[in-house]
file coords.txt (compact mmCIF, C-alpha atoms and all ligand atoms)
# COMPACT_ATOMS: atom_id res chain seq x y z
CA MET Q 1 -64.54 -103.56 -26.00
CA THR Q 2 -63.01 -100.11 -26.02
CA THR Q 3 -64.50 -97.43 -28.28
CA VAL Q 4 -62.88 -94.19 -29.39
CA LEU Q 5 -64.77 -91.22 -30.84
CA GLY Q 6 -62.67 -89.63 -33.59
CA ILE Q 7 -63.09 -86.09 -34.94
CA GLU Q 8 -61.52 -84.70 -38.15
CA SER Q 9 -61.79 -81.10 -39.33
CA SER Q 10 -58.36 -80.08 -40.59
CA CYS Q 11 -59.26 -79.33 -44.21
CA ASP Q 12 -62.59 -79.53 -46.04
CA GLU Q 13 -64.21 -82.66 -44.59
CA THR Q 14 -66.14 -82.49 -41.33
CA ALA Q 15 -66.06 -86.03 -39.97
CA ALA Q 16 -66.82 -88.12 -36.90
CA ALA Q 17 -66.40 -91.85 -36.31
CA LEU Q 18 -66.62 -94.49 -33.61
CA VAL Q 19 -63.95 -97.19 -33.83
CA THR Q 20 -63.26 -100.09 -31.47
CA ASP Q 21 -60.01 -101.67 -30.41
CA GLY Q 22 -61.26 -104.72 -32.34
CA ARG Q 23 -60.86 -102.72 -35.60
CA VAL Q 24 -64.61 -102.29 -36.08
CA ILE Q 25 -65.95 -98.98 -37.40
CA LEU Q 26 -69.23 -98.82 -35.48
CA ALA Q 27 -70.36 -95.66 -37.27
CA GLN Q 28 -68.88 -92.85 -39.29
CA ARG Q 29 -70.18 -89.73 -40.99
CA ILE Q 30 -68.42 -87.34 -43.35
CA ALA Q 31 -69.86 -84.01 -44.45
CA SER Q 32 -67.96 -82.90 -47.53
CA GLN Q 33 -67.64 -79.19 -48.29
CA ASP Q 34 -66.91 -79.70 -51.98
CA GLU Q 35 -69.94 -77.66 -53.06
CA ALA Q 36 -69.01 -74.70 -50.84
CA HIS Q 37 -65.45 -74.49 -52.23
CA ARG Q 38 -66.13 -75.46 -55.86
CA PRO Q 39 -66.75 -71.87 -57.11
CA TYR Q 40 -63.23 -70.93 -55.90
CA GLY Q 41 -61.43 -73.97 -57.33
CA GLY Q 42 -59.85 -74.81 -53.97
CA VAL Q 43 -60.41 -74.76 -50.23
CA VAL Q 44 -61.16 -71.30 -48.76
CA PRO Q 45 -60.04 -71.45 -45.09
CA GLU Q 46 -62.71 -69.09 -43.70
CA ILE Q 47 -65.53 -70.91 -45.47
CA ALA Q 48 -64.11 -74.23 -44.22
CA ALA Q 49 -63.90 -73.05 -40.60
CA ARG Q 50 -67.48 -71.75 -40.63
CA ALA Q 51 -68.80 -74.96 -42.16
CA HIS Q 52 -66.98 -77.08 -39.53
CA ALA Q 53 -68.41 -74.88 -36.76
CA GLU Q 54 -71.95 -75.25 -38.12
CA ARG Q 55 -71.83 -78.95 -38.85
CA LEU Q 56 -69.58 -80.72 -36.38
CA THR Q 57 -71.80 -80.99 -33.29
CA PRO Q 58 -74.89 -82.32 -35.13
CA LEU Q 59 -72.60 -84.68 -37.06
CA ILE Q 60 -71.17 -86.14 -33.85
CA GLU Q 61 -74.69 -86.54 -32.40
CA ALA Q 62 -75.79 -88.35 -35.56
CA THR Q 63 -72.74 -90.63 -35.50
CA LEU Q 64 -73.42 -91.61 -31.88
CA ALA Q 65 -77.10 -92.20 -32.76
CA ASP Q 66 -76.09 -94.39 -35.74
CA ALA Q 67 -74.20 -96.64 -33.33
CA GLY Q 68 -76.98 -96.51 -30.72
CA MET Q 69 -74.53 -94.94 -28.28
CA THR Q 70 -74.21 -91.88 -26.11
CA LEU Q 71 -71.10 -90.05 -24.97
CA ALA Q 72 -71.18 -92.17 -21.80
CA ASP Q 73 -70.45 -95.30 -23.91
CA VAL Q 74 -67.28 -93.79 -25.39
CA ASP Q 75 -63.92 -94.55 -23.75
CA ALA Q 76 -61.84 -91.71 -25.22
CA VAL Q 77 -62.16 -88.72 -27.54
CA ALA Q 78 -59.52 -88.34 -30.26
CA ALA Q 79 -59.33 -85.27 -32.50
CA THR Q 80 -57.01 -83.92 -35.16
CA ALA Q 81 -54.92 -81.22 -33.45
CA GLY Q 82 -52.91 -80.36 -36.59
CA PRO Q 83 -51.40 -79.89 -39.10
CA GLY Q 84 -54.04 -78.17 -41.20
CA LEU Q 85 -56.13 -75.06 -41.64
CA ILE Q 86 -56.07 -73.58 -38.17
CA GLY Q 87 -59.72 -72.45 -38.00
CA GLY Q 88 -61.01 -75.92 -38.78
CA VAL Q 89 -58.52 -77.66 -36.50
CA MET Q 90 -59.57 -75.38 -33.62
CA VAL Q 91 -63.26 -76.18 -34.16
CA GLY Q 92 -62.58 -79.92 -33.95
CA LEU Q 93 -60.13 -79.75 -31.07
CA VAL Q 94 -62.25 -77.40 -28.94
CA THR Q 95 -65.29 -79.62 -29.51
CA ALA Q 96 -63.27 -82.68 -28.48
CA LYS Q 97 -62.04 -80.89 -25.36
CA ALA Q 98 -65.61 -79.95 -24.40
CA LEU Q 99 -66.81 -83.54 -24.85
CA ALA Q 100 -63.84 -84.94 -22.94
CA MET Q 101 -64.45 -82.54 -20.07
CA ALA Q 102 -68.24 -83.00 -19.99
CA GLY Q 103 -67.98 -86.79 -20.23
CA ASP Q 104 -64.87 -87.12 -18.08
CA LYS Q 105 -63.07 -88.97 -20.89
CA PRO Q 106 -59.43 -88.86 -21.87
CA LEU Q 107 -58.61 -86.46 -24.72
CA ILE Q 108 -56.15 -87.76 -27.32
CA ALA Q 109 -54.70 -85.13 -29.66
CA ILE Q 110 -53.86 -86.72 -33.00
CA ASN Q 111 -51.50 -85.56 -35.72
CA HIS Q 112 -53.55 -85.74 -38.93
CA LEU Q 113 -50.57 -87.26 -40.73
CA GLU Q 114 -50.35 -89.98 -38.10
CA GLY Q 115 -54.02 -90.69 -38.82
CA HIS Q 116 -53.10 -91.32 -42.47
CA ALA Q 117 -49.93 -93.20 -41.51
CA LEU Q 118 -51.70 -95.69 -39.23
CA SER Q 119 -54.93 -95.98 -41.27
CA PRO Q 120 -53.69 -99.06 -43.18
CA ARG Q 121 -53.48 -100.94 -39.85
CA LEU Q 122 -57.20 -100.31 -39.19
CA ALA Q 123 -58.13 -102.34 -42.24
CA ASP Q 124 -55.27 -104.85 -42.09
CA GLU Q 125 -54.42 -106.35 -38.74
CA ALA Q 126 -51.55 -108.32 -40.27
CA LEU Q 127 -49.68 -105.10 -41.08
CA THR Q 128 -46.81 -104.94 -38.60
CA PHE Q 129 -44.06 -102.40 -37.94
CA PRO Q 130 -41.77 -101.37 -39.52
CA TYR Q 131 -43.31 -100.55 -42.90
CA LEU Q 132 -42.37 -98.16 -45.68
CA LEU Q 133 -45.15 -95.64 -46.21
CA LEU Q 134 -45.85 -93.34 -49.12
CA LEU Q 135 -48.05 -90.62 -47.67
CA VAL Q 136 -49.51 -88.84 -50.65
CA SER Q 137 -52.28 -86.30 -50.14
CA GLY Q 138 -53.32 -82.80 -51.11
CA GLY Q 139 -50.95 -81.19 -48.64
CA HIS Q 140 -48.18 -83.75 -48.22
CA CYS Q 141 -45.97 -86.02 -50.26
CA GLN Q 142 -43.60 -87.98 -48.05
CA ILE Q 143 -41.94 -91.34 -47.70
CA LEU Q 144 -41.84 -92.45 -44.07
CA LEU Q 145 -40.35 -95.39 -42.29
CA VAL Q 146 -43.09 -96.23 -39.78
CA GLU Q 147 -41.26 -97.94 -36.93
CA GLY Q 148 -44.10 -97.87 -34.41
CA VAL Q 149 -46.82 -95.63 -33.02
CA GLY Q 150 -45.23 -92.20 -32.68
CA ARG Q 151 -42.01 -93.38 -34.34
CA TYR Q 152 -41.78 -92.01 -37.86
CA ARG Q 153 -38.63 -91.40 -39.84
CA ARG Q 154 -39.13 -89.15 -42.84
CA LEU Q 155 -36.95 -90.45 -45.66
CA ALA Q 156 -38.24 -88.08 -48.35
CA THR Q 157 -40.55 -85.14 -48.86
CA THR Q 158 -41.47 -82.80 -51.69
CA ILE Q 159 -39.27 -79.79 -52.34
CA ASP Q 160 -42.21 -77.90 -53.84
CA ASP Q 161 -45.77 -79.18 -54.47
CA ALA Q 162 -47.59 -82.18 -53.04
CA LEU Q 163 -48.78 -84.77 -55.56
CA GLY Q 164 -52.47 -84.24 -54.74
CA GLU Q 165 -51.94 -80.55 -55.40
CA ALA Q 166 -50.48 -81.39 -58.83
CA PHE Q 167 -53.56 -83.55 -59.56
CA ASP Q 168 -55.82 -80.68 -58.48
CA LYS Q 169 -53.95 -78.11 -60.61
CA THR Q 170 -54.03 -80.44 -63.61
CA ALA Q 171 -57.78 -80.85 -63.12
CA LYS Q 172 -58.23 -77.09 -62.99
CA LEU Q 173 -56.21 -76.60 -66.21
CA LEU Q 174 -58.29 -79.25 -67.96
CA GLY Q 175 -61.51 -77.65 -66.71
CA LEU Q 176 -62.42 -80.69 -64.62
CA GLY Q 177 -63.31 -78.75 -61.49
CA TYR Q 178 -62.64 -79.42 -57.85
CA PRO Q 179 -61.66 -81.75 -56.27
CA GLY Q 180 -59.48 -82.83 -59.10
CA GLY Q 181 -57.85 -86.17 -58.35
CA PRO Q 182 -60.75 -88.49 -59.13
CA ALA Q 183 -61.66 -86.48 -62.26
CA VAL Q 184 -58.10 -86.62 -63.64
CA GLU Q 185 -58.01 -90.37 -62.98
CA ARG Q 186 -61.30 -90.85 -64.85
CA LEU Q 187 -60.18 -88.81 -67.88
CA ALA Q 188 -56.74 -90.47 -67.88
CA GLY Q 189 -58.53 -93.78 -68.43
CA GLU Q 190 -59.60 -92.50 -71.87
CA GLY Q 191 -56.19 -91.17 -72.92
CA ASP Q 192 -52.80 -92.41 -74.13
CA PRO Q 193 -50.05 -91.98 -71.50
CA ARG Q 194 -47.34 -91.84 -74.23
CA LYS Q 195 -48.86 -89.01 -76.27
CA VAL Q 196 -47.61 -85.96 -74.37
CA PRO Q 197 -43.92 -85.83 -73.39
CA LEU Q 198 -43.74 -84.59 -69.80
CA PRO Q 199 -40.79 -84.35 -67.38
CA ARG Q 200 -40.20 -86.71 -64.44
CA PRO Q 201 -38.55 -84.31 -61.95
CA LEU Q 202 -35.81 -85.84 -59.73
CA VAL Q 203 -36.24 -89.34 -61.18
CA GLY Q 204 -32.88 -91.09 -60.89
CA SER Q 205 -31.59 -88.37 -58.57
CA ALA Q 206 -29.25 -89.29 -55.71
CA GLU Q 207 -31.27 -87.16 -53.33
CA PRO Q 208 -34.40 -88.91 -52.02
CA HIS Q 209 -37.01 -86.21 -52.50
CA PHE Q 210 -39.95 -85.40 -54.78
CA SER Q 211 -40.63 -82.40 -56.99
CA PHE Q 212 -43.82 -81.76 -58.94
CA ALA Q 213 -43.71 -78.04 -59.79
CA GLY Q 214 -41.96 -78.64 -63.14
CA LEU Q 215 -44.44 -81.34 -64.08
CA LYS Q 216 -47.33 -79.02 -63.28
CA SER Q 217 -45.84 -76.25 -65.47
CA ALA Q 218 -45.26 -78.70 -68.32
CA VAL Q 219 -48.92 -79.76 -68.14
CA MET Q 220 -49.86 -76.08 -68.35
CA ARG Q 221 -47.70 -75.58 -71.45
CA ALA Q 222 -49.14 -78.68 -73.12
CA LYS Q 223 -52.68 -77.50 -72.46
CA HIS Q 224 -51.98 -73.97 -73.72
CA ALA Q 225 -50.36 -75.33 -76.86
CA LEU Q 226 -53.43 -77.47 -77.47
CA ASP Q 227 -55.84 -74.58 -76.90
CA SER Q 228 -53.95 -71.92 -78.85
CA GLN Q 229 -53.48 -73.83 -82.07
CA GLY Q 230 -55.35 -72.18 -84.93
CA ALA Q 231 -57.72 -74.25 -87.05
CA ASN Q 232 -55.66 -73.45 -90.14
CA ASP Q 233 -52.09 -73.32 -88.84
CA GLY Q 234 -51.31 -76.75 -90.15
CA GLN Q 235 -49.76 -77.60 -86.80
CA ARG Q 236 -52.68 -79.31 -85.14
CA LYS Q 237 -51.68 -81.11 -82.01
CA SER Q 238 -52.02 -84.83 -82.12
CA TYR Q 239 -53.20 -85.13 -78.55
CA THR Q 240 -56.34 -84.51 -76.50
CA ASP Q 241 -57.16 -83.45 -72.95
CA ALA Q 242 -57.47 -87.13 -72.08
CA ASP Q 243 -53.94 -87.73 -73.41
CA ILE Q 244 -52.67 -84.89 -71.18
CA ALA Q 245 -54.40 -86.43 -68.16
CA ALA Q 246 -53.05 -89.89 -68.94
CA SER Q 247 -49.51 -88.60 -69.60
CA PHE Q 248 -49.58 -86.57 -66.38
CA GLN Q 249 -50.77 -89.55 -64.34
CA GLN Q 250 -48.05 -91.75 -65.89
CA ALA Q 251 -45.36 -89.15 -65.10
CA ALA Q 252 -46.65 -89.02 -61.49
CA ILE Q 253 -46.51 -92.82 -61.27
CA ASP Q 254 -42.95 -92.89 -62.66
CA CYS Q 255 -41.86 -90.32 -60.04
CA LEU Q 256 -43.54 -92.20 -57.19
CA THR Q 257 -42.19 -95.61 -58.11
CA ASP Q 258 -38.65 -94.30 -58.72
CA ARG Q 259 -38.57 -92.53 -55.36
CA ALA Q 260 -40.13 -95.51 -53.57
CA ARG Q 261 -37.56 -97.85 -55.14
CA ARG Q 262 -34.77 -95.62 -53.90
CA ALA Q 263 -36.28 -95.52 -50.41
CA LEU Q 264 -36.65 -99.30 -50.32
CA ALA Q 265 -32.95 -99.59 -51.12
CA THR Q 266 -31.96 -97.45 -48.12
CA ALA Q 267 -34.66 -98.13 -45.50
CA GLY Q 268 -33.51 -101.52 -44.23
CA PRO Q 269 -35.89 -104.43 -43.73
CA VAL Q 270 -39.62 -103.59 -43.82
CA SER Q 271 -42.74 -105.74 -43.55
CA ALA Q 272 -44.61 -104.10 -46.42
CA LEU Q 273 -44.85 -101.28 -48.92
CA VAL Q 274 -47.83 -99.16 -47.90
CA VAL Q 275 -49.59 -96.20 -49.49
CA ALA Q 276 -52.02 -93.86 -47.70
CA GLY Q 277 -53.55 -90.39 -48.10
CA GLY Q 278 -56.04 -89.07 -50.64
CA VAL Q 279 -53.91 -89.82 -53.72
CA ALA Q 280 -53.73 -93.47 -52.59
CA ALA Q 281 -57.33 -93.73 -53.85
CA ASN Q 282 -55.91 -93.69 -57.42
CA GLN Q 283 -56.18 -97.18 -58.92
CA ALA Q 284 -53.35 -96.74 -61.45
CA ILE Q 285 -51.01 -95.60 -58.67
CA ARG Q 286 -52.06 -98.54 -56.48
CA ALA Q 287 -51.41 -100.97 -59.34
CA ALA Q 288 -47.92 -99.54 -60.02
CA LEU Q 289 -46.93 -99.70 -56.34
CA GLN Q 290 -48.34 -103.22 -56.07
CA ALA Q 291 -46.03 -104.26 -58.93
CA LEU Q 292 -43.07 -102.53 -57.27
CA ALA Q 293 -43.75 -104.35 -54.00
CA ALA Q 294 -43.98 -107.67 -55.85
CA ASP Q 295 -40.60 -106.94 -57.48
CA HIS Q 296 -39.14 -106.65 -53.99
CA GLY Q 297 -40.96 -109.69 -52.61
CA LEU Q 298 -42.91 -107.40 -50.29
CA ARG Q 299 -46.55 -107.24 -49.28
CA PHE Q 300 -48.42 -104.25 -50.64
CA VAL Q 301 -51.03 -102.65 -48.39
CA ALA Q 302 -53.40 -99.80 -49.25
CA PRO Q 303 -56.43 -98.86 -47.18
CA PRO Q 304 -59.93 -99.15 -48.68
CA LEU Q 305 -60.77 -96.04 -50.71
CA GLY Q 306 -62.91 -94.45 -47.99
CA LEU Q 307 -59.98 -94.55 -45.59
CA CYS Q 308 -57.60 -92.87 -48.09
CA THR Q 309 -59.20 -89.45 -48.31
CA ASP Q 310 -59.73 -87.47 -45.12
CA ASN Q 311 -62.00 -89.25 -42.64
CA ALA Q 312 -62.49 -89.56 -38.89
CA ALA Q 313 -62.17 -93.36 -38.66
CA MET Q 314 -58.40 -92.97 -39.16
CA ILE Q 315 -58.31 -90.39 -36.35
CA ALA Q 316 -60.33 -92.65 -34.04
CA TRP Q 317 -58.04 -95.55 -34.96
CA ALA Q 318 -54.92 -93.51 -34.17
CA GLY Q 319 -56.66 -92.86 -30.82
CA VAL Q 320 -57.06 -96.61 -30.34
CA GLU Q 321 -53.35 -97.07 -31.10
CA ARG Q 322 -52.62 -94.43 -28.44
CA LEU Q 323 -55.08 -95.69 -25.79
CA GLY Q 324 -53.75 -95.11 -22.30
CA GLN Q 325 -52.37 -91.74 -23.30
CA SER Q 326 -54.23 -88.55 -22.49
CA ASP Q 327 -53.43 -84.98 -23.43
CA PRO Q 328 -54.06 -81.91 -21.24
CA LEU Q 329 -57.13 -79.81 -22.01
CA ASP Q 330 -54.93 -76.82 -22.82
CA ILE Q 331 -53.08 -78.59 -25.63
CA PRO Q 332 -52.92 -76.16 -28.56
CA ALA Q 333 -54.05 -76.61 -32.15
CA ARG Q 334 -50.98 -76.69 -34.41
CA PRO Q 335 -51.13 -75.43 -38.01
CA ARG Q 336 -47.74 -77.09 -38.55
CA TRP Q 337 -46.77 -80.33 -36.89
CA PRO Q 338 -44.14 -82.50 -38.58
CA LEU Q 339 -44.39 -86.25 -37.93
CA ASP Q 340 -40.62 -86.49 -37.75
CA PRO Q 341 -39.37 -83.35 -35.98
CA GLY Q 342 -35.81 -84.59 -36.46
CA ALA Q 343 -36.00 -84.55 -40.25
CA GLU Q 344 -33.73 -81.97 -41.77
CA ALA Q 345 -35.33 -79.03 -43.58
CA VAL Q 346 -35.44 -79.42 -47.32
CA ARG Q 347 -35.01 -76.53 -49.70
CA GLY Q 348 -38.34 -75.09 -50.74
CA ALA Q 349 -40.35 -77.60 -48.73
CA GLY Q 350 -43.42 -75.98 -47.22
CA VAL Q 351 -46.05 -77.93 -45.35
CA LYS Q 352 -49.35 -76.90 -46.76
CA ALA Q 353 -52.81 -77.65 -45.48
O1 LIG N 401 -55.86 -86.92 -47.74
P1 LIG N 401 -56.73 -85.94 -48.44
O2 LIG N 401 -58.22 -86.20 -48.47
O3 LIG N 401 -56.55 -84.49 -47.85
C1 LIG N 401 -55.31 -84.02 -47.40
O4 LIG N 401 -54.96 -84.30 -46.22
O5 LIG N 401 -54.64 -83.37 -48.23
O6 LIG N 401 -56.18 -85.81 -49.93
C2 LIG N 401 -56.85 -85.03 -50.88
C3 LIG N 401 -56.06 -85.08 -52.17
C4 LIG N 401 -56.58 -84.10 -53.21
O7 LIG N 401 -55.48 -83.41 -53.76
C5 LIG N 401 -57.24 -85.01 -54.24
O8 LIG N 401 -57.22 -84.48 -55.55
C6 LIG N 401 -56.40 -86.27 -54.13
O9 LIG N 401 -56.15 -86.40 -52.75
N1 LIG N 401 -57.10 -87.43 -54.66
C7 LIG N 401 -56.71 -88.14 -55.73
C8 LIG N 401 -57.69 -89.12 -55.95
N2 LIG N 401 -58.65 -89.00 -54.99
C9 LIG N 401 -58.27 -87.95 -54.19
N3 LIG N 401 -55.63 -88.01 -56.53
C10 LIG N 401 -55.50 -88.87 -57.55
N4 LIG N 401 -56.41 -89.83 -57.84
C11 LIG N 401 -57.51 -90.00 -57.08
N5 LIG N 401 -58.41 -90.95 -57.37
ZN ZN N 402 -55.37 -85.79 -45.17

call {"tool": "encode", "arguments": {"input": "coords.txt", "output": "structure tokens", "more": "lines below"}}
Ligand code: KG4
Ligand code: ZN
result
Amino acid sequence: MTTVLGIESSCDETAAALVTDGRVILAQRIASQDEAHRPYGGVVPEIAARAHAERLTPLIEATLADAGMTLADVDAVAATAGPGLIGGVMVGLVTAKALAMAGDKPLIAINHLEGHALSPRLADEALTFPYLLLLVSGGHCQILLVEGVGRYRRLATTIDDALGEAFDKTAKLLGLGYPGGPAVERLAGEGDPRKVPLPRPLVGSAEPHFSFAGLKSAVMRAKHALDSQGANDGQRKSYTDADIAASFQQAAIDCLTDRARRALATAGPVSALVVAGGVAANQAIRAALQALAADHGLRFVAPPLGLCTDNAAMIAWAGVERLGQSDPLDIPARPRWPLDPGAEAVRGAGVKA
């Protein structure tokens, strides 16, 4: 049995995990920083970096103890080396380098997006290459053709906001706090998705990409209209916050399924339609993509919820997929690191944390 220690610290989760080449998660711990960032309504990079620095080493010790292991029992150390908030990435990568050097273990530098992209294979050993992947998180919204480990073709990306970001902004507008995705999903369950007319940017477009900025602005206008109506203006809105949440979520689903359908038409043969990243935790989105896959006679694969949002098991697993490789101890942390360096730049597309 080969065991990889994985370390994740690129955004606001400090995480460590031990994963075997037999797809067993021996132990994993995640320290969320939600409380620290909540007063600011989003992740504050300096607060995140400090929290990673304070928490990571004890967290790794606890994870090893959970599995009844020491560093000597580990075969390789894998850590997120980017993309992400640079302070946090450096904390994780430097810690991994120190452990690799002290324990004389190979260091494997992992692209955080590759962690998400390969995470479905940790839970599902039947998932074979190539597969069509929707990678939807707080910082990214891409469709990738996953041809193999290290072989990713980006078929689409967002020209403005990521979908998770749109969920988080919608949550903020509706006063649901941070992080927003799960809260919007909960409230959407109480609303009517047909009540508030919202745009579906780029749906039906010949270009393959996503856009969510216009949807976000339309949600803002709907919320302001609801809040600014006078009690006696005779123009009372016929919708609620829950209807806004439900209508937003439905618009997001329509955008995702339309873009995924277009990608399926151009990607060539694939073994499955796969979704990963934090937004993949959304049950309504999973159900819609499941139906789309069924329409195409394809398997649908989504990781268990705990593997969707940021975690270290996916980083350890990417390390397992890359066993045999080792990176030099001077490998740098990379705030930006595209999975498909050959993909052409898209207007307005910025990779965010
Ligand atoms: O993958 P992740 O943990 O971090 C990044 O790498 O970005 O994704 C976090 C994003 C946040 O925007 C969060 O609101 C969203 O995933 N998210 C959800 C749900 N759970 C998390 N969005 C919609 N529905 C959910 N249930
Ligand atoms: Zn992520």

call {"tool": "closest_residue", "arguments": {"input": "coords.txt", "among": "Q:Val320, Q:Ala343, Q:Val274, Q:Leu26", "to": "Ala109 (chain Q)", "atoms": "all atoms listed in the file"}}
result
Q:Val320

call {"tool": "axis_aligned_box", "arguments": {"input": "coords.txt", "around": "ligand LIG 401 (chain N)", "padding_each_side": "4 Å", "output": "lines of an AutoDock Vina configuration file"}}
result
center_x = -56.6
center_y = -87.2
center_z = -52.0
size_x = 12.0
size_y = 15.6
size_z = 19.6

call {"tool": "atom_distance", "arguments": {"input": "coords.txt", "atom1": "CA of Leu305 (chain Q)", "atom2": "CA of Ala281 (chain Q)"}}
result
5.2 Å

call {"tool": "closest_residue", "arguments": {"input": "coords.txt", "among": "Q:Ala123, Q:Ala252, Q:Ala53, Q:Ala16", "to": "Val91 (chain Q)", "atoms": "all atoms listed in the file"}}
result
Q:Ala53

call {"tool": "closest_residue", "arguments": {"input": "coords.txt", "among": "Q:Ala183, Q:Leu64, Q:Leu59, Q:Met1", "to": "ligand LIG 401 (chain N)", "atoms": "all atoms listed in the file"}}
result
Q:Ala183

call {"tool": "closest_residue", "arguments": {"input": "coords.txt", "among": "Q:Asp310, Q:Glu8, Q:Asp73, Q:Asp66", "to": "ligand ZN 402 (chain N)", "atoms": "only C-alpha atoms and all ligand atoms"}}
result
Q:Asp310

call {"tool": "closest_residue", "arguments": {"input": "coords.txt", "among": "Q:Asn111, Q:Ser217, Q:Thr95, Q:Ser211", "to": "ligand LIG 401 (chain N)", "atoms": "only C-alpha atoms and all ligand atoms"}}
result
Q:Asn111

call {"tool": "residues_near_ligand", "arguments": {"input": "coords.txt", "ligand": "ligand ZN 402 (chain N)", "cutoff": "7 Å", "atoms": "only C-alpha atoms and all ligand atoms", "output": "list in words"}}
result
His112, Leu113, His116, Ser137, Gly138, Gly277, Gly278, Thr309 and Asp310 of chain Q

call {"tool": "closest_residue", "arguments": {"input": "coords.txt", "among": "Q:Ala242, Q:Ala312, Q:Val270, Q:Leu144", "to": "ligand LIG 401 (chain N)", "atoms": "all atoms listed in the file"}}
result
Q:Ala312

call {"tool": "residues_near_ligand", "arguments": {"input": "coords.txt", "ligand": "ligand LIG 401 (chain N)", "cutoff": "9 Å", "atoms": "only C-alpha atoms and all ligand atoms", "output": "ChimeraX atom specification"}}
result
/Q:10-13,84,112-113,116,135-140,162-169,171,178-186,249,276-285,305,307-311,352-353

call {"tool": "residues_around", "arguments": {"input": "coords.txt", "residues": "Gly6 (chain Q)", "least_positions_apart": "2", "cutoff": "12 Å", "atoms": "only C-alpha atoms", "output": "ChimeraX atom specification"}}
result
/Q:3-4,8-9,14-20,25-30,56,59-60,63-64,74-81,92-93,95-96,99-100,107-110,112,115,311-320

call {"tool": "build_atoms", "arguments": {"input": "coords.txt", "residues": "region 138-150 of chain Q", "atoms": "N, CA, C and O atoms", "output": "tab-separated table (two decimals), in the frame of the given file"}}
result
chain	number	residue	atom	x	y	z
Q	138	GLY	N	-53.26	-84.12	-50.49
Q	138	GLY	CA	-53.32	-82.80	-51.11
Q	138	GLY	C	-52.28	-81.86	-50.53
Q	138	GLY	O	-51.82	-80.94	-51.19
Q	139	GLY	N	-51.89	-82.10	-49.30
Q	139	GLY	CA	-50.95	-81.19	-48.64
Q	139	GLY	C	-49.58	-81.79	-48.41
Q	139	GLY	O	-48.63	-81.06	-48.07
Q	140	HIS	N	-49.44	-83.10	-48.59
Q	140	HIS	CA	-48.18	-83.75	-48.22
Q	140	HIS	C	-47.78	-84.79	-49.25
Q	140	HIS	O	-48.62	-85.41	-49.88
Q	141	CYS	N	-46.49	-84.97	-49.38
Q	141	CYS	CA	-45.97	-86.02	-50.26
Q	141	CYS	C	-44.67	-86.47	-49.61
Q	141	CYS	O	-43.63	-85.82	-49.74
Q	142	GLN	N	-44.75	-87.54	-48.85
Q	142	GLN	CA	-43.60	-87.98	-48.05
Q	142	GLN	C	-43.42	-89.49	-48.14
Q	142	GLN	O	-44.39	-90.21	-48.38
Q	143	ILE	N	-42.19	-89.92	-47.92
Q	143	ILE	CA	-41.94	-91.34	-47.70
Q	143	ILE	C	-41.46	-91.46	-46.25
Q	143	ILE	O	-40.53	-90.77	-45.83
Q	144	LEU	N	-42.14	-92.31	-45.50
Q	144	LEU	CA	-41.84	-92.45	-44.07
Q	144	LEU	C	-41.53	-93.90	-43.75
Q	144	LEU	O	-42.17	-94.82	-44.27
Q	145	LEU	N	-40.56	-94.07	-42.87
Q	145	LEU	CA	-40.35	-95.39	-42.29
Q	145	LEU	C	-41.16	-95.39	-40.99
Q	145	LEU	O	-40.87	-94.62	-40.06
Q	146	VAL	N	-42.21	-96.18	-40.95
Q	146	VAL	CA	-43.09	-96.23	-39.78
Q	146	VAL	C	-42.58	-97.36	-38.88
Q	146	VAL	O	-42.76	-98.54	-39.17
Q	147	GLU	N	-41.90	-96.96	-37.80
Q	147	GLU	CA	-41.26	-97.94	-36.93
Q	147	GLU	C	-42.16	-98.38	-35.78
Q	147	GLU	O	-41.92	-99.41	-35.15
Q	148	GLY	N	-43.17	-97.57	-35.49
Q	148	GLY	CA	-44.10	-97.87	-34.41
Q	148	GLY	C	-45.00	-96.67	-34.22
Q	148	GLY	O	-44.85	-95.66	-34.93
Q	149	VAL	N	-45.94	-96.77	-33.27
Q	149	VAL	CA	-46.82	-95.63	-33.02
Q	149	VAL	C	-45.97	-94.48	-32.46
Q	149	VAL	O	-45.27	-94.65	-31.46
Q	150	GLY	N	-46.00	-93.35	-33.13
Q	150	GLY	CA	-45.23	-92.20	-32.68
Q	150	GLY	C	-43.77	-92.24	-33.12
Q	150	GLY	O	-42.99	-91.36	-32.76
